[in-house]
Amino acid sequence: MPLTHLRALALMTGTLAVTGATAQPASTGSGQAYPAKPIRIVVGFVPGGGSDFIARLVSAKLTESLGRTVIVENRPGAGAVIATEFVAKAPADGYTLLLGSAGPFGIVPALNPKTPYDSQRDFDPITLVVIMPFLMTVHPSLPVKNVKDLVALAKTKPGQLNFGSPGHGSTNHLANEMLKLMTKIDLTHVPYKGVSAAMTDVIAGQIQILSGDLTTLLPPVKAGRLRAVAVTSGKRSSIAPDIPTIAESGVPGYDTSGWFGMVAPAGTPRAVIERLNADMVKGITTPESRERLGTLGGDVVANTPAEFTAFIRADYAKWAKLVAAIGLKEKP
């Protein structure tokens with residue numbers, strides 16, 4: 001984890017003192033004022049990573065505004081499926097929340113109809129916290145400066161250009177599969193066990209293309225070891241505004257990114273959802289929070305529960321359509 005992230009994390013975790021609620025308490029439905037006890041945010045990944053960083057920022061802000069301690073509980077495993085299932089089956093009382101993400105909410109259910117939860121029905125969305133665009137890069141030896149160049153080259157070399165990803169079925173993997181489908185080009189997928197190994201190989205020229213987190217790939221781009229082609233989100237990234245999107249580079253409608261958002265178990269009282277939404281939106285839209293989340297390459301969204309619900313449905317539909325179109329299975 002970059003040193004700047006660790007410093008920001010230390011700062012956040014050192015400021016968890018309760019300062020008192022700033023709004024009228026919500027009701028849990030039983031007449032009890034909310035919150036009446038500590039709240040936990042469950043994260044499906046190990047401590048110290050980007051998702052953990054996001055959850056701890058939100059927990060710090062909620063602790064300040066709600067007047068109750070909000071802790072982060074890491075339950076890693078199975079690509080966050082373990083944590084997602086756990087929260088899906090938790091009491092719908094507002095005291096167990098989940099930092100949801102694209103993998104367990106969109107891609108995993110699209111790949112596996114036996115996923116042990118329903119990402120569309122088992123949760124009440126609260127707010128989409130951040131969108132995490134990917135940066136598409138190529139080895140500098142490749143005669144490609146933009147997406148149009150890449151598509152043109154790929155059409156002259158079907159199956160001969162390789163792209164890496166941190167694993168089969170990852171968001172990075174499917175981002176490239178989406179590009180293949182929309183532009184009718186043939187690229188060969190080379191799965192790795194993580195982004196670091198894939199980045200090592202693309203820098204060495206063993207593979208030609210890699211899409212990954214902005215904060216991971218921008219340093220080698222700035223050092224001249226990789227060439228930036230485009231960002232994968234529908235809008236340009238706030239931390240790399242000079243890099244065009246794939247959509248504006250000749251593939252209209254292309255929009256694939258990672259994301260993180262807060263959800264609660266389905267059936268959580270509406271007053272509780274609205275209170276959490278108001279406090280989260282206020283906390284993550286401060287200049288300080290935007291700057292901290294920007295260190296991860298994330299663009300703050302902070303939308304309403306209804307907007308986040310629509311987003312989750314559209315994201316799942318997008319991945320399900322892609323998986324069906326290319327016949328992708330959970331395992332190669």
# chains A, B, ... in the order shown; residues from 1 in each chain; ligands from 1

call {"tool": "select_by_dssp", "arguments": {"residues": "segment 125-321 of chain A", "states": "helix (DSSP H, G or I)", "output": "PyMOL selection string"}}
result
chain A and resi 147-156+171-183+195-204+214-222+247-249+270-284+287-294+305-321

call {"tool": "residues_around", "arguments": {"residues": "Val300 of chain A", "least_positions_apart": "6", "cutoff": "12 Å", "atoms": "only C-alpha atoms", "output": "PyMOL selection string"}}
result
chain A and resi 54+127-133+237-239+259-261+280-294

call {"tool": "write_last_selection", "arguments": {"atoms": "N, CA and C atoms", "output": "PDB file, in the first residue's frame"}}
result
ATOM      1  N   ILE A  54     -11.148   2.910   2.114  1.00  0.00           N
ATOM      2  CA  ILE A  54     -12.436   3.569   1.887  1.00  0.00           C
ATOM      3  C   ILE A  54     -13.371   3.343   3.072  1.00  0.00           C
ATOM      4  N   THR A 127     -25.459   4.454  -0.578  1.00  0.00           N
ATOM      5  CA  THR A 127     -24.871   5.415  -1.507  1.00  0.00           C
ATOM      6  C   THR A 127     -23.669   4.803  -2.212  1.00  0.00           C
ATOM      7  N   LEU A 128     -23.475   5.206  -3.456  1.00  0.00           N
ATOM      8  CA  LEU A 128     -22.273   4.847  -4.200  1.00  0.00           C
ATOM      9  C   LEU A 128     -21.180   5.812  -3.754  1.00  0.00           C
ATOM     10  N   VAL A 129     -20.114   5.275  -3.192  1.00  0.00           N
ATOM     11  CA  VAL A 129     -19.061   6.130  -2.635  1.00  0.00           C
ATOM     12  C   VAL A 129     -18.133   6.637  -3.738  1.00  0.00           C
ATOM     13  N   VAL A 130     -17.502   5.701  -4.461  1.00  0.00           N
ATOM     14  CA  VAL A 130     -16.545   6.110  -5.491  1.00  0.00           C
ATOM     15  C   VAL A 130     -16.631   5.220  -6.733  1.00  0.00           C
ATOM     16  N   ILE A 131     -16.293   5.820  -7.856  1.00  0.00           N
ATOM     17  CA  ILE A 131     -16.040   5.099  -9.095  1.00  0.00           C
ATOM     18  C   ILE A 131     -14.527   5.000  -9.234  1.00  0.00           C
ATOM     19  N   MET A 132     -14.031   3.810  -9.617  1.00  0.00           N
ATOM     20  CA  MET A 132     -12.601   3.587  -9.740  1.00  0.00           C
ATOM     21  C   MET A 132     -12.256   3.253 -11.192  1.00  0.00           C
ATOM     22  N   PRO A 133     -11.949   4.264 -12.009  1.00  0.00           N
ATOM     23  CA  PRO A 133     -11.626   3.988 -13.409  1.00  0.00           C
ATOM     24  C   PRO A 133     -10.346   3.155 -13.533  1.00  0.00           C
ATOM     25  N   SER A 237     -10.994  10.858 -15.620  1.00  0.00           N
ATOM     26  CA  SER A 237     -10.646  10.792 -14.207  1.00  0.00           C
ATOM     27  C   SER A 237     -10.167  12.149 -13.705  1.00  0.00           C
ATOM     28  N   SER A 238     -10.544  12.475 -12.480  1.00  0.00           N
ATOM     29  CA  SER A 238     -10.129  13.751 -11.900  1.00  0.00           C
ATOM     30  C   SER A 238      -8.634  13.797 -11.624  1.00  0.00           C
ATOM     31  N   ILE A 239      -7.984  12.635 -11.477  1.00  0.00           N
ATOM     32  CA  ILE A 239      -6.548  12.645 -11.205  1.00  0.00           C
ATOM     33  C   ILE A 239      -5.714  12.493 -12.474  1.00  0.00           C
ATOM     34  N   TRP A 259     -15.982  -0.043  -8.637  1.00  0.00           N
ATOM     35  CA  TRP A 259     -16.720   0.886  -7.779  1.00  0.00           C
ATOM     36  C   TRP A 259     -16.847   0.312  -6.376  1.00  0.00           C
ATOM     37  N   PHE A 260     -17.087   1.210  -5.428  1.00  0.00           N
ATOM     38  CA  PHE A 260     -17.349   0.808  -4.049  1.00  0.00           C
ATOM     39  C   PHE A 260     -18.517   1.641  -3.519  1.00  0.00           C
ATOM     40  N   GLY A 261     -19.443   0.963  -2.843  1.00  0.00           N
ATOM     41  CA  GLY A 261     -20.595   1.659  -2.287  1.00  0.00           C
ATOM     42  C   GLY A 261     -21.098   0.973  -1.040  1.00  0.00           C
ATOM     43  N   MET A 280     -23.358   9.871   5.331  1.00  0.00           N
ATOM     44  CA  MET A 280     -22.264   9.424   4.469  1.00  0.00           C
ATOM     45  C   MET A 280     -21.972  10.449   3.378  1.00  0.00           C
ATOM     46  N   VAL A 281     -23.015  10.933   2.731  1.00  0.00           N
ATOM     47  CA  VAL A 281     -22.829  11.909   1.652  1.00  0.00           C
ATOM     48  C   VAL A 281     -22.125  13.152   2.186  1.00  0.00           C
ATOM     49  N   LYS A 282     -22.552  13.611   3.344  1.00  0.00           N
ATOM     50  CA  LYS A 282     -21.912  14.789   3.941  1.00  0.00           C
ATOM     51  C   LYS A 282     -20.444  14.515   4.237  1.00  0.00           C
ATOM     52  N   GLY A 283     -20.164  13.315   4.750  1.00  0.00           N
ATOM     53  CA  GLY A 283     -18.796  12.994   5.148  1.00  0.00           C
ATOM     54  C   GLY A 283     -17.833  12.792   3.996  1.00  0.00           C
ATOM     55  N   ILE A 284     -18.302  12.169   2.906  1.00  0.00           N
ATOM     56  CA  ILE A 284     -17.370  11.834   1.824  1.00  0.00           C
ATOM     57  C   ILE A 284     -17.248  12.916   0.758  1.00  0.00           C
ATOM     58  N   THR A 285     -18.054  13.970   0.867  1.00  0.00           N
ATOM     59  CA  THR A 285     -17.983  15.038  -0.121  1.00  0.00           C
ATOM     60  C   THR A 285     -17.222  16.260   0.374  1.00  0.00           C
ATOM     61  N   THR A 286     -16.630  16.186   1.548  1.00  0.00           N
ATOM     62  CA  THR A 286     -15.787  17.288   1.999  1.00  0.00           C
ATOM     63  C   THR A 286     -14.530  17.326   1.136  1.00  0.00           C
ATOM     64  N   PRO A 287     -13.908  18.494   0.997  1.00  0.00           N
ATOM     65  CA  PRO A 287     -12.658  18.570   0.224  1.00  0.00           C
ATOM     66  C   PRO A 287     -11.593  17.590   0.723  1.00  0.00           C
ATOM     67  N   GLU A 288     -11.510  17.416   2.046  1.00  0.00           N
ATOM     68  CA  GLU A 288     -10.534  16.509   2.635  1.00  0.00           C
ATOM     69  C   GLU A 288     -10.805  15.065   2.202  1.00  0.00           C
ATOM     70  N   SER A 289     -12.068  14.648   2.256  1.00  0.00           N
ATOM     71  CA  SER A 289     -12.413  13.277   1.869  1.00  0.00           C
ATOM     72  C   SER A 289     -12.180  13.054   0.382  1.00  0.00           C
ATOM     73  N   ARG A 290     -12.555  14.022  -0.439  1.00  0.00           N
ATOM     74  CA  ARG A 290     -12.321  13.882  -1.879  1.00  0.00           C
ATOM     75  C   ARG A 290     -10.840  13.730  -2.183  1.00  0.00           C
ATOM     76  N   GLU A 291     -10.025  14.482  -1.466  1.00  0.00           N
ATOM     77  CA  GLU A 291      -8.580  14.396  -1.683  1.00  0.00           C
ATOM     78  C   GLU A 291      -8.047  13.028  -1.270  1.00  0.00           C
ATOM     79  N   ARG A 292      -8.517  12.530  -0.137  1.00  0.00           N
ATOM     80  CA  ARG A 292      -8.059  11.224   0.338  1.00  0.00           C
ATOM     81  C   ARG A 292      -8.479  10.103  -0.605  1.00  0.00           C
ATOM     82  N   LEU A 293      -9.723  10.144  -1.038  1.00  0.00           N
ATOM     83  CA  LEU A 293     -10.202   9.117  -1.959  1.00  0.00           C
ATOM     84  C   LEU A 293      -9.529   9.256  -3.325  1.00  0.00           C
ATOM     85  N   GLY A 294      -9.126  10.466  -3.655  1.00  0.00           N
ATOM     86  CA  GLY A 294      -8.400  10.679  -4.901  1.00  0.00           C
ATOM     87  C   GLY A 294      -7.046  10.013  -4.909  1.00  0.00           C
TER      88      GLY A 294
END

call {"tool": "closest_residue", "arguments": {"among": "A:Ala266, A:Leu322, A:Val72, A:Leu57", "to": "Thr171 of chain A", "atoms": "only C-alpha atoms"}}
result
A:Leu322

call {"tool": "closest_residue", "arguments": {"among": "A:Ala78, A:Ala60, A:Leu153, A:Ala324", "to": "Asp279 of chain A", "atoms": "only C-alpha atoms"}}
result
A:Ala60

call {"tool": "closest_residue", "arguments": {"among": "A:Val81, A:Leu99, A:Leu226, A:Leu111", "to": "Gly50 of chain A", "atoms": "only C-alpha atoms"}}
result
A:Leu99

call {"tool": "residues_around", "arguments": {"residues": "Leu181 of chain A", "least_positions_apart": "3", "cutoff": "10 Å", "atoms": "only C-alpha atoms", "output": "list in words"}}
result
Asn176, Glu177, Met178, Lys184, Ile185, Asp186, Leu322, Ala325 and Ile326 of chain A

call {"tool": "select_by_dssp", "arguments": {"residues": "segment 175-235 of chain A", "states": "strand (DSSP E or B)", "output": "PDB file with C-alpha atoms, in the first residue's frame"}}
result
ATOM      1  CA  THR A 188      -5.691 -12.972 -26.061  1.00  0.00           C
ATOM      2  CA  HIS A 189      -6.226 -12.935 -22.299  1.00  0.00           C
ATOM      3  CA  VAL A 190      -3.294 -13.802 -20.026  1.00  0.00           C
ATOM      4  CA  PRO A 191      -4.499 -14.142 -16.405  1.00  0.00           C
ATOM      5  CA  ILE A 209      -1.686  -4.483 -22.977  1.00  0.00           C
ATOM      6  CA  LEU A 210      -2.690  -3.994 -19.345  1.00  0.00           C
ATOM      7  CA  SER A 211      -5.639  -2.206 -17.771  1.00  0.00           C
ATOM      8  CA  GLY A 212      -5.381  -1.520 -14.065  1.00  0.00           C
ATOM      9  CA  ASP A 213      -5.781   0.973 -11.242  1.00  0.00           C
ATOM     10  CA  ARG A 227       2.162   4.337 -22.534  1.00  0.00           C
ATOM     11  CA  ALA A 228      -1.299   5.460 -21.425  1.00  0.00           C
ATOM     12  CA  VAL A 229      -4.027   4.873 -24.017  1.00  0.00           C
ATOM     13  CA  ALA A 230      -7.314   5.742 -22.279  1.00  0.00           C
ATOM     14  CA  VAL A 231      -9.333   5.496 -19.082  1.00  0.00           C
TER      15      VAL A 231
END

call {"tool": "atom_distance", "arguments": {"atom1": "atom CA of Ile273 of chain A", "atom2": "atom CA of Tyr316 of chain A"}}
result
22.0 Å

call {"tool": "residues_around", "arguments": {"residues": "Met182 of chain A", "least_positions_apart": "6", "cutoff": "12 Å", "atoms": "only C-alpha atoms", "output": "list in words"}}
result
Val151, Ala175, Asn176, Ile246, Ala247, Gly250, Val251, Pro252, Gly253, Tyr254, Asp255, Leu322, Ala325 and Ile326 of chain A

call {"tool": "atom_distance", "arguments": {"atom1": "atom CA of Ser170 of chain A", "atom2": "atom CA of Ile71 of chain A"}}
result
28.0 Å

call {"tool": "atom_distance", "arguments": {"atom1": "atom CA of Pro241 of chain A", "atom2": "atom CA of Thr295 of chain A"}}
result
14.4 Å

call {"tool": "residues_around", "arguments": {"residues": "Gly224 of chain A", "least_positions_apart": "4", "cutoff": "12 Å", "atoms": "only C-alpha atoms", "output": "PyMOL selection string"}}
result
chain A and resi 137-141+203+217-220+228

call {"tool": "closest_residue", "arguments": {"among": "A:Tyr95, A:Leu296, A:Pro244, A:Gly205", "to": "Asp52 of chain A", "atoms": "only C-alpha atoms"}}
result
A:Leu296

call {"tool": "closest_residue", "arguments": {"among": "A:Ala302, A:Ala278, A:Leu135, A:Thr84", "to": "Asp118 of chain A", "atoms": "only C-alpha atoms"}}
result
A:Thr84

call {"tool": "residues_around", "arguments": {"residues": "Ile207 of chain A", "least_positions_apart": "6", "cutoff": "8 Å", "atoms": "only C-alpha atoms", "output": "JSON, numbers by chain"}}
result
{"A": [139, 161, 162, 163, 164, 201]}

call {"tool": "closest_residue", "arguments": {"among": "A:Pro158, A:Gly297, A:Pro35, A:Gly258", "to": "Ala240 of chain A", "atoms": "only C-alpha atoms"}}
result
A:Gly297

call {"tool": "residues_around", "arguments": {"residues": "Asp122 of chain A", "least_positions_apart": "5", "cutoff": "9 Å", "atoms": "only C-alpha atoms", "output": "ChimeraX atom specification"}}
result
/A:87-89,117,264-267
